[in-house]
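**Student:** Just dropping this structure here.
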Amino acid sequence: MKLIGMLDSPYVRRVAISLDLLGVGFEHEPLSVFSTFEAFSRINPVVKAPTLVLDDGAVLMDSTLIIDYFESLSAPANKLLPQQPQALADALRILGLALAVCEKSVQLVYERKLRPAEKLHLPWVERVTQQLRAACVELERHWSARPAQGERPDQAALTTAVAWSFMQLMVPEVVPAGAFPALEAHAARLEQTDLFKRYPLA
């Protein structure tokens, strides 16, 4: 089984960490949707990262769908999302916020790095920035009220950390770390674990 994509993508990285936690063995092939577009397209013509090639050759894409597939195959004690409805709703709320941080950060990166400066649409950039900061405010509120987890993070915890680290690498000036101390501490703690170090962001 092969995971295709670069670990500087928060979506690829959250899949790698999730598969590791779920005990799923895989080989990582670090192809870029930019610099190795043609090679990537031979595996998945859509060229979407992450792409996962199963042992039977089936190709899955989209981080949430890939993780959901393996979550469905896992024993209850090994799952990364709670099974009780209320606990699941709480976890999905935090996961949604963390994925919003990923999405809005990626949008800002694309606006700044791919769009010519003279075509930059500032109202759109301001709107995306506002959405990114709003998600961080909600995540800060959550993690400041929640005790640190053990060594095995759940899906909401690991995706929050992945999102924060990506944002701080790519657009640190948009959301200063010092303004969100609980989020910063949460991500820093997980980044120091062997699990996260196996899949470095950069």
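As shown in the structure tokens, the chain order sets the letters A, B, ...; within each chain, residues go from 1, and ligands are also counted from 1 in the order they appear.
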As a PDB file with all heavy atoms, in the first residue's frame, please: the residues near Pro50 (chain A) (cut-off 10 Å, only C-alpha atoms, same-chain neighbours under 4 positions excluded).
**Tutor:**
```
ATOM      1  N   LEU A   3       1.091   5.583   0.135  1.00  0.00           N
ATOM      2  CA  LEU A   3       0.531   6.907   0.379  1.00  0.00           C
ATOM      3  C   LEU A   3       1.313   7.884  -0.484  1.00  0.00           C
ATOM      4  O   LEU A   3       2.528   8.034  -0.327  1.00  0.00           O
ATOM      5  CB  LEU A   3       0.645   7.287   1.852  1.00  0.00           C
ATOM      6  CG  LEU A   3       0.212   8.706   2.230  1.00  0.00           C
ATOM      7  CD1 LEU A   3      -1.270   8.930   1.927  1.00  0.00           C
ATOM      8  CD2 LEU A   3       0.502   8.987   3.708  1.00  0.00           C
ATOM      9  N   ILE A   4       0.605   8.551  -1.394  1.00  0.00           N
ATOM     10  CA  ILE A   4       1.244   9.449  -2.346  1.00  0.00           C
ATOM     11  C   ILE A   4       0.984  10.895  -1.927  1.00  0.00           C
ATOM     12  O   ILE A   4      -0.160  11.294  -1.697  1.00  0.00           O
ATOM     13  CB  ILE A   4       0.697   9.237  -3.774  1.00  0.00           C
ATOM     14  CG1 ILE A   4       0.599   7.740  -4.116  1.00  0.00           C
ATOM     15  CG2 ILE A   4       1.543   9.987  -4.788  1.00  0.00           C
ATOM     16  CD1 ILE A   4       1.903   7.011  -4.102  1.00  0.00           C
ATOM     17  N   GLY A   5       2.057  11.685  -1.854  1.00  0.00           N
ATOM     18  CA  GLY A   5       1.922  13.094  -1.520  1.00  0.00           C
ATOM     19  C   GLY A   5       3.030  13.556  -0.603  1.00  0.00           C
ATOM     20  O   GLY A   5       3.735  12.746   0.006  1.00  0.00           O
ATOM     21  N   MET A   6       3.182  14.863  -0.510  1.00  0.00           N
ATOM     22  CA  MET A   6       4.235  15.456   0.300  1.00  0.00           C
ATOM     23  C   MET A   6       3.737  15.703   1.721  1.00  0.00           C
ATOM     24  O   MET A   6       2.591  16.120   1.935  1.00  0.00           O
ATOM     25  CB  MET A   6       4.676  16.789  -0.312  1.00  0.00           C
ATOM     26  CG  MET A   6       5.105  16.692  -1.774  1.00  0.00           C
ATOM     27  SD  MET A   6       6.619  15.738  -2.000  1.00  0.00           S
ATOM     28  CE  MET A   6       7.812  16.859  -1.261  1.00  0.00           C
ATOM     29  N   LEU A   7       4.624  15.501   2.691  1.00  0.00           N
ATOM     30  CA  LEU A   7       4.247  15.694   4.089  1.00  0.00           C
ATOM     31  C   LEU A   7       4.102  17.165   4.469  1.00  0.00           C
ATOM     32  O   LEU A   7       3.637  17.469   5.574  1.00  0.00           O
ATOM     33  CB  LEU A   7       5.253  15.016   5.017  1.00  0.00           C
ATOM     34  CG  LEU A   7       5.215  13.483   5.007  1.00  0.00           C
ATOM     35  CD1 LEU A   7       6.351  12.922   5.846  1.00  0.00           C
ATOM     36  CD2 LEU A   7       3.874  12.963   5.518  1.00  0.00           C
ATOM     37  N   SER A   9       1.997  18.878   3.071  1.00  0.00           N
ATOM     38  CA  SER A   9       0.546  19.018   2.988  1.00  0.00           C
ATOM     39  C   SER A   9      -0.063  18.541   4.294  1.00  0.00           C
ATOM     40  O   SER A   9       0.213  17.415   4.732  1.00  0.00           O
ATOM     41  CB  SER A   9      -0.011  18.173   1.845  1.00  0.00           C
ATOM     42  OG  SER A   9      -1.405  17.924   2.023  1.00  0.00           O
ATOM     43  N   PRO A  10      -0.900  19.350   4.949  1.00  0.00           N
ATOM     44  CA  PRO A  10      -1.511  18.892   6.199  1.00  0.00           C
ATOM     45  C   PRO A  10      -2.415  17.690   5.981  1.00  0.00           C
ATOM     46  O   PRO A  10      -2.595  16.869   6.878  1.00  0.00           O
ATOM     47  CB  PRO A  10      -2.311  20.109   6.667  1.00  0.00           C
ATOM     48  CG  PRO A  10      -2.591  20.898   5.423  1.00  0.00           C
ATOM     49  CD  PRO A  10      -1.377  20.693   4.547  1.00  0.00           C
ATOM     50  N   TYR A  11      -2.964  17.562   4.790  1.00  0.00           N
ATOM     51  CA  TYR A  11      -3.868  16.451   4.498  1.00  0.00           C
ATOM     52  C   TYR A  11      -3.100  15.140   4.357  1.00  0.00           C
ATOM     53  O   TYR A  11      -3.521  14.099   4.862  1.00  0.00           O
ATOM     54  CB  TYR A  11      -4.663  16.751   3.229  1.00  0.00           C
ATOM     55  CG  TYR A  11      -5.450  18.031   3.327  1.00  0.00           C
ATOM     56  CD1 TYR A  11      -5.091  19.148   2.581  1.00  0.00           C
ATOM     57  CD2 TYR A  11      -6.538  18.139   4.190  1.00  0.00           C
ATOM     58  CE1 TYR A  11      -5.809  20.338   2.676  1.00  0.00           C
ATOM     59  CE2 TYR A  11      -7.252  19.318   4.296  1.00  0.00           C
ATOM     60  CZ  TYR A  11      -6.883  20.413   3.538  1.00  0.00           C
ATOM     61  OH  TYR A  11      -7.589  21.583   3.651  1.00  0.00           O
ATOM     62  N   VAL A  12      -1.969  15.180   3.678  1.00  0.00           N
ATOM     63  CA  VAL A  12      -1.128  13.993   3.568  1.00  0.00           C
ATOM     64  C   VAL A  12      -0.595  13.601   4.941  1.00  0.00           C
ATOM     65  O   VAL A  12      -0.604  12.427   5.324  1.00  0.00           O
ATOM     66  CB  VAL A  12       0.045  14.241   2.590  1.00  0.00           C
ATOM     67  CG1 VAL A  12       0.994  13.046   2.567  1.00  0.00           C
ATOM     68  CG2 VAL A  12      -0.487  14.530   1.187  1.00  0.00           C
ATOM     69  N   ARG A  13      -0.148  14.600   5.687  1.00  0.00           N
ATOM     70  CA  ARG A  13       0.451  14.313   6.987  1.00  0.00           C
ATOM     71  C   ARG A  13      -0.549  13.728   7.964  1.00  0.00           C
ATOM     72  O   ARG A  13      -0.232  12.796   8.709  1.00  0.00           O
ATOM     73  CB  ARG A  13       1.072  15.598   7.561  1.00  0.00           C
ATOM     74  CG  ARG A  13       2.007  15.328   8.730  1.00  0.00           C
ATOM     75  CD  ARG A  13       2.676  16.583   9.204  1.00  0.00           C
ATOM     76  NE  ARG A  13       3.642  16.264  10.242  1.00  0.00           N
ATOM     77  CZ  ARG A  13       3.833  16.995  11.342  1.00  0.00           C
ATOM     78  NH1 ARG A  13       3.138  18.120  11.518  1.00  0.00           N
ATOM     79  NH2 ARG A  13       4.710  16.635  12.247  1.00  0.00           N
ATOM     80  N   ARG A  14      -1.798  14.238   7.977  1.00  0.00           N
ATOM     81  CA  ARG A  14      -2.783  13.690   8.913  1.00  0.00           C
ATOM     82  C   ARG A  14      -3.140  12.249   8.556  1.00  0.00           C
ATOM     83  O   ARG A  14      -3.413  11.433   9.440  1.00  0.00           O
ATOM     84  CB  ARG A  14      -4.025  14.570   9.000  1.00  0.00           C
ATOM     85  CG  ARG A  14      -4.946  14.555   7.796  1.00  0.00           C
ATOM     86  CD  ARG A  14      -6.117  15.516   7.971  1.00  0.00           C
ATOM     87  NE  ARG A  14      -7.083  15.047   8.955  1.00  0.00           N
ATOM     88  CZ  ARG A  14      -8.289  14.539   8.634  1.00  0.00           C
ATOM     89  NH1 ARG A  14      -8.660  14.448   7.362  1.00  0.00           N
ATOM     90  NH2 ARG A  14      -9.117  14.156   9.569  1.00  0.00           N
ATOM     91  N   VAL A  15      -3.108  11.920   7.264  1.00  0.00           N
ATOM     92  CA  VAL A  15      -3.354  10.532   6.860  1.00  0.00           C
ATOM     93  C   VAL A  15      -2.209   9.636   7.329  1.00  0.00           C
ATOM     94  O   VAL A  15      -2.439   8.564   7.885  1.00  0.00           O
ATOM     95  CB  VAL A  15      -3.540  10.413   5.335  1.00  0.00           C
ATOM     96  CG1 VAL A  15      -3.513   8.948   4.893  1.00  0.00           C
ATOM     97  CG2 VAL A  15      -4.865  11.040   4.922  1.00  0.00           C
ATOM     98  N   ALA A  16      -0.975  10.077   7.117  1.00  0.00           N
ATOM     99  CA  ALA A  16       0.178   9.271   7.533  1.00  0.00           C
ATOM    100  C   ALA A  16       0.142   8.989   9.028  1.00  0.00           C
ATOM    101  O   ALA A  16       0.320   7.846   9.472  1.00  0.00           O
ATOM    102  CB  ALA A  16       1.474   9.985   7.151  1.00  0.00           C
ATOM    103  N   PRO A  30       6.762  10.388  -1.778  1.00  0.00           N
ATOM    104  CA  PRO A  30       6.608  11.851  -1.696  1.00  0.00           C
ATOM    105  C   PRO A  30       6.580  12.538  -3.059  1.00  0.00           C
ATOM    106  O   PRO A  30       7.542  13.196  -3.469  1.00  0.00           O
ATOM    107  CB  PRO A  30       7.820  12.280  -0.872  1.00  0.00           C
ATOM    108  CG  PRO A  30       8.863  11.265  -1.209  1.00  0.00           C
ATOM    109  CD  PRO A  30       8.124   9.963  -1.414  1.00  0.00           C
ATOM    110  N   LEU A  31       5.474  12.392  -3.756  1.00  0.00           N
ATOM    111  CA  LEU A  31       5.304  13.088  -5.028  1.00  0.00           C
ATOM    112  C   LEU A  31       4.559  14.396  -4.796  1.00  0.00           C
ATOM    113  O   LEU A  31       3.645  14.467  -3.978  1.00  0.00           O
ATOM    114  CB  LEU A  31       4.521  12.219  -6.017  1.00  0.00           C
ATOM    115  CG  LEU A  31       5.198  10.925  -6.475  1.00  0.00           C
ATOM    116  CD1 LEU A  31       4.325  10.204  -7.490  1.00  0.00           C
ATOM    117  CD2 LEU A  31       6.585  11.189  -7.052  1.00  0.00           C
ATOM    118  N   SER A  32       4.956  15.415  -5.562  1.00  0.00           N
ATOM    119  CA  SER A  32       4.345  16.735  -5.445  1.00  0.00           C
ATOM    120  C   SER A  32       3.303  16.938  -6.533  1.00  0.00           C
ATOM    121  O   SER A  32       3.508  16.535  -7.688  1.00  0.00           O
ATOM    122  CB  SER A  32       5.426  17.814  -5.555  1.00  0.00           C
ATOM    123  OG  SER A  32       4.850  19.089  -5.729  1.00  0.00           O
ATOM    124  N   VAL A  33       2.204  17.607  -6.184  1.00  0.00           N
ATOM    125  CA  VAL A  33       1.185  17.932  -7.183  1.00  0.00           C
ATOM    126  C   VAL A  33       1.680  19.049  -8.102  1.00  0.00           C
ATOM    127  O   VAL A  33       1.039  19.334  -9.127  1.00  0.00           O
ATOM    128  CB  VAL A  33      -0.153  18.342  -6.514  1.00  0.00           C
ATOM    129  CG1 VAL A  33      -0.712  17.204  -5.681  1.00  0.00           C
ATOM    130  CG2 VAL A  33       0.016  19.599  -5.663  1.00  0.00           C
ATOM    131  N   LEU A  60      -7.664   5.519  -3.607  1.00  0.00           N
ATOM    132  CA  LEU A  60      -8.516   6.372  -2.793  1.00  0.00           C
ATOM    133  C   LEU A  60      -7.892   7.756  -2.722  1.00  0.00           C
ATOM    134  O   LEU A  60      -6.667   7.902  -2.782  1.00  0.00           O
ATOM    135  CB  LEU A  60      -8.661   5.817  -1.373  1.00  0.00           C
ATOM    136  CG  LEU A  60      -9.158   4.379  -1.215  1.00  0.00           C
ATOM    137  CD1 LEU A  60      -9.238   4.017   0.267  1.00  0.00           C
ATOM    138  CD2 LEU A  60     -10.500   4.176  -1.886  1.00  0.00           C
ATOM    139  N   MET A  61      -8.733   8.782  -2.578  1.00  0.00           N
ATOM    140  CA  MET A  61      -8.210  10.135  -2.384  1.00  0.00           C
ATOM    141  C   MET A  61      -9.119  10.902  -1.440  1.00  0.00           C
ATOM    142  O   MET A  61     -10.245  10.477  -1.188  1.00  0.00           O
ATOM    143  CB  MET A  61      -8.051  10.863  -3.721  1.00  0.00           C
ATOM    144  CG  MET A  61      -9.302  10.996  -4.545  1.00  0.00           C
ATOM    145  SD  MET A  61      -8.952  11.817  -6.115  1.00  0.00           S
ATOM    146  CE  MET A  61     -10.474  11.495  -6.993  1.00  0.00           C
ATOM    147  N   ASP A  62      -8.597  12.026  -0.940  1.00  0.00           N
ATOM    148  CA  ASP A  62      -9.210  12.886   0.068  1.00  0.00           C
ATOM    149  C   ASP A  62      -8.902  12.325   1.455  1.00  0.00           C
ATOM    150  O   ASP A  62      -9.250  11.189   1.781  1.00  0.00           O
ATOM    151  CB  ASP A  62     -10.720  13.014  -0.122  1.00  0.00           C
ATOM    152  CG  ASP A  62     -11.302  14.064   0.808  1.00  0.00           C
ATOM    153  OD1 ASP A  62     -11.505  13.764   2.005  1.00  0.00           O
ATOM    154  OD2 ASP A  62     -11.537  15.197   0.365  1.00  0.00           O
ATOM    155  N   SER A  63      -8.272  13.143   2.269  1.00  0.00           N
ATOM    156  CA  SER A  63      -7.780  12.668   3.573  1.00  0.00           C
ATOM    157  C   SER A  63      -8.895  12.115   4.450  1.00  0.00           C
ATOM    158  O   SER A  63      -8.741  11.060   5.073  1.00  0.00           O
ATOM    159  CB  SER A  63      -7.037  13.791   4.298  1.00  0.00           C
ATOM    160  OG  SER A  63      -7.893  14.865   4.650  1.00  0.00           O
ATOM    161  N   THR A  64     -10.021  12.808   4.498  1.00  0.00           N
ATOM    162  CA  THR A  64     -11.103  12.348   5.376  1.00  0.00           C
ATOM    163  C   THR A  64     -11.666  11.022   4.904  1.00  0.00           C
ATOM    164  O   THR A  64     -11.957  10.130   5.727  1.00  0.00           O
ATOM    165  CB  THR A  64     -12.206  13.418   5.463  1.00  0.00           C
ATOM    166  OG1 THR A  64     -11.662  14.586   6.105  1.00  0.00           O
ATOM    167  CG2 THR A  64     -13.393  12.928   6.277  1.00  0.00           C
ATOM    168  N   ILE A  66     -10.116   8.683   3.120  1.00  0.00           N
ATOM    169  CA  ILE A  66      -9.118   7.635   3.373  1.00  0.00           C
ATOM    170  C   ILE A  66      -9.150   7.216   4.833  1.00  0.00           C
ATOM    171  O   ILE A  66      -9.190   6.025   5.172  1.00  0.00           O
ATOM    172  CB  ILE A  66      -7.714   8.128   2.975  1.00  0.00           C
ATOM    173  CG1 ILE A  66      -7.624   8.324   1.459  1.00  0.00           C
ATOM    174  CG2 ILE A  66      -6.643   7.145   3.452  1.00  0.00           C
ATOM    175  CD1 ILE A  66      -6.367   9.050   1.002  1.00  0.00           C
TER     176      ILE A  66
END
```
**Student:** Select from region 80-115 of chain A every residue with an atom at most 10 Å from any atom of region 122-136 of chain A, then for each give the shortest pair of atoms and their distance in Å to one decimal, using only C-alpha atoms, rows by chain and rising number, as a Markdown table.
**Tutor:**
```
| residue | atom | partner | partner_atom | distance |
| --- | --- | --- | --- | --- |
| A:Ile94 | CA | A:Ala135 | CA | 9.4 |
| A:Gly96 | CA | A:Ala135 | CA | 9.0 |
| A:Leu97 | CA | A:Ala135 | CA | 5.4 |
| A:Ala98 | CA | A:Ala135 | CA | 7.3 |
| A:Leu99 | CA | A:Ala135 | CA | 9.2 |
| A:Ala100 | CA | A:Ala135 | CA | 6.7 |
| A:Val101 | CA | A:Leu132 | CA | 5.5 |
| A:Cys102 | CA | A:Leu132 | CA | 8.6 |
| A:Glu103 | CA | A:Leu132 | CA | 8.5 |
| A:Lys104 | CA | A:Leu132 | CA | 5.6 |
| A:Ser105 | CA | A:Leu132 | CA | 7.0 |
| A:Gln107 | CA | A:Val128 | CA | 7.5 |
| A:Leu108 | CA | A:Val125 | CA | 6.8 |
| A:Glu111 | CA | A:Val125 | CA | 7.6 |
| A:Arg112 | CA | A:Val125 | CA | 9.3 |
```
**Student:** Filtering to N, CA, C and O atoms, could you give me those residues as a PDB file, in the first residue's frame?
**Tutor:**
```pdb
ATOM      1  N   ILE A  94     -14.687  19.778  16.638  1.00  0.00           N
ATOM      2  CA  ILE A  94     -13.289  20.208  16.707  1.00  0.00           C
ATOM      3  C   ILE A  94     -12.546  19.827  15.432  1.00  0.00           C
ATOM      4  O   ILE A  94     -11.749  20.611  14.900  1.00  0.00           O
ATOM      5  N   GLY A  96     -13.835  19.554  12.466  1.00  0.00           N
ATOM      6  CA  GLY A  96     -14.265  20.483  11.435  1.00  0.00           C
ATOM      7  C   GLY A  96     -13.526  21.810  11.509  1.00  0.00           C
ATOM      8  O   GLY A  96     -13.143  22.384  10.480  1.00  0.00           O
ATOM      9  N   LEU A  97     -13.316  22.306  12.717  1.00  0.00           N
ATOM     10  CA  LEU A  97     -12.564  23.552  12.891  1.00  0.00           C
ATOM     11  C   LEU A  97     -11.110  23.384  12.449  1.00  0.00           C
ATOM     12  O   LEU A  97     -10.545  24.253  11.780  1.00  0.00           O
ATOM     13  N   ALA A  98     -10.506  22.267  12.813  1.00  0.00           N
ATOM     14  CA  ALA A  98      -9.114  22.019  12.428  1.00  0.00           C
ATOM     15  C   ALA A  98      -8.973  21.899  10.912  1.00  0.00           C
ATOM     16  O   ALA A  98      -8.021  22.417  10.324  1.00  0.00           O
ATOM     17  N   LEU A  99      -9.933  21.239  10.276  1.00  0.00           N
ATOM     18  CA  LEU A  99      -9.893  21.121   8.825  1.00  0.00           C
ATOM     19  C   LEU A  99     -10.142  22.473   8.154  1.00  0.00           C
ATOM     20  O   LEU A  99      -9.609  22.740   7.066  1.00  0.00           O
ATOM     21  N   ALA A 100     -10.934  23.319   8.791  1.00  0.00           N
ATOM     22  CA  ALA A 100     -11.121  24.676   8.271  1.00  0.00           C
ATOM     23  C   ALA A 100      -9.813  25.453   8.319  1.00  0.00           C
ATOM     24  O   ALA A 100      -9.496  26.219   7.394  1.00  0.00           O
ATOM     25  N   VAL A 101      -9.035  25.273   9.384  1.00  0.00           N
ATOM     26  CA  VAL A 101      -7.720  25.907   9.474  1.00  0.00           C
ATOM     27  C   VAL A 101      -6.832  25.429   8.323  1.00  0.00           C
ATOM     28  O   VAL A 101      -6.151  26.235   7.673  1.00  0.00           O
ATOM     29  N   CYS A 102      -6.851  24.124   8.051  1.00  0.00           N
ATOM     30  CA  CYS A 102      -6.074  23.598   6.922  1.00  0.00           C
ATOM     31  C   CYS A 102      -6.522  24.237   5.619  1.00  0.00           C
ATOM     32  O   CYS A 102      -5.694  24.733   4.830  1.00  0.00           O
ATOM     33  N   GLU A 103      -7.822  24.223   5.381  1.00  0.00           N
ATOM     34  CA  GLU A 103      -8.372  24.719   4.121  1.00  0.00           C
ATOM     35  C   GLU A 103      -8.051  26.200   3.905  1.00  0.00           C
ATOM     36  O   GLU A 103      -7.593  26.600   2.818  1.00  0.00           O
ATOM     37  N   LYS A 104      -8.286  27.008   4.922  1.00  0.00           N
ATOM     38  CA  LYS A 104      -8.076  28.451   4.767  1.00  0.00           C
ATOM     39  C   LYS A 104      -6.587  28.785   4.669  1.00  0.00           C
ATOM     40  O   LYS A 104      -6.205  29.717   3.948  1.00  0.00           O
ATOM     41  N   SER A 105      -5.751  28.041   5.374  1.00  0.00           N
ATOM     42  CA  SER A 105      -4.311  28.263   5.250  1.00  0.00           C
ATOM     43  C   SER A 105      -3.839  27.940   3.841  1.00  0.00           C
ATOM     44  O   SER A 105      -3.056  28.689   3.243  1.00  0.00           O
ATOM     45  N   GLN A 107      -5.626  27.991   1.131  1.00  0.00           N
ATOM     46  CA  GLN A 107      -6.145  29.024   0.230  1.00  0.00           C
ATOM     47  C   GLN A 107      -5.257  30.269   0.243  1.00  0.00           C
ATOM     48  O   GLN A 107      -4.980  30.859  -0.813  1.00  0.00           O
ATOM     49  N   LEU A 108      -4.801  30.655   1.423  1.00  0.00           N
ATOM     50  CA  LEU A 108      -3.919  31.820   1.512  1.00  0.00           C
ATOM     51  C   LEU A 108      -2.578  31.557   0.836  1.00  0.00           C
ATOM     52  O   LEU A 108      -2.026  32.436   0.159  1.00  0.00           O
ATOM     53  N   GLU A 111      -3.143  31.756  -2.888  1.00  0.00           N
ATOM     54  CA  GLU A 111      -3.343  33.139  -3.312  1.00  0.00           C
ATOM     55  C   GLU A 111      -2.008  33.875  -3.422  1.00  0.00           C
ATOM     56  O   GLU A 111      -1.769  34.626  -4.363  1.00  0.00           O
ATOM     57  N   ARG A 112      -1.129  33.638  -2.470  1.00  0.00           N
ATOM     58  CA  ARG A 112       0.119  34.390  -2.413  1.00  0.00           C
ATOM     59  C   ARG A 112       1.190  33.835  -3.343  1.00  0.00           C
ATOM     60  O   ARG A 112       2.011  34.589  -3.868  1.00  0.00           O
TER      61      ARG A 112
END
```
**Student:** Could you give me, as a PyMOL selection string, each residue of region 21-193 of chain A that DSSP assigns to helix (DSSP H, G or I) when run on this structure's backbone?
**Tutor:** chain A and resi 21+37-43+63-73+76-78+85-113+117-119+122-145+155-170+177-179+181-191
**Student:** Check the smallest atom-to-atom distance from each of A:Val175, A:Leu52, A:Ala91, A:Ala39 to Glu27 (chain A) using only C-alpha atoms, then report the winner.
**Tutor:**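 Answer, going by the shortest atom-to-atom distance: A:Leu52.
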**Student:** From a backbone DSSP assignment, name each residue in region 19-182 of chain A labelled strand (DSSP E or B), as a ChimeraX atom specification.
**Tutor:** /A:27-29,51-53,59-61
**Student:** Tell me, as a PyMOL selection string, which residues lie within 10 Å of Ala75 (chain A), counting only C-alpha atoms; anything in the same chain fewer than 4 positions away does not count.
**Tutor:** chain A and resi 22+71+79
**Student:** Calculated over only C-alpha atoms, which of the candidates A:Met1, A:Leu158, A:Leu80, A:Val109 has the smallest distance to Asp56 (chain A)?
**Tutor:** A:Met1
**Student:** Point out the residue among A:Ala145, A:Leu139, A:Leu190, A:Leu54 with the least atom-to-atom distance to Val162 (chain A), counting only C-alpha atoms.
**Tutor:**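 Distance minimum relative to Val162 (chain A) lands on A:Leu190.
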**Student:** Please identify all polymer residues within 12 Å of His186 (chain A), counting only C-alpha atoms, omitting same-chain residues fewer than 2 positions from it, and present them as a PyMOL selection string.
**Tutor:** chain A and resi 139-140+142-150+153+156-165+177+180-184+188-193
**Student:** Find the spatial neighbours of Lys113 (chain A), counting only C-alpha atoms, within a cut-off of 12 Å - ignore same-chain residues fewer than 6 positions away - and output them as a VMD selection string.
**Tutor:** chain A and resid 106 to 107 119 to 120 170 to 171
**Student:** Using only C-alpha atoms, can you tell me which of A:Ala185, A:Val174, A:Lys2, A:Ser18 comes closest to Val53 (chain A)?
**Tutor:**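 Residue with the minimum atom-to-atom distance to Val53 (chain A): A:Lys2.
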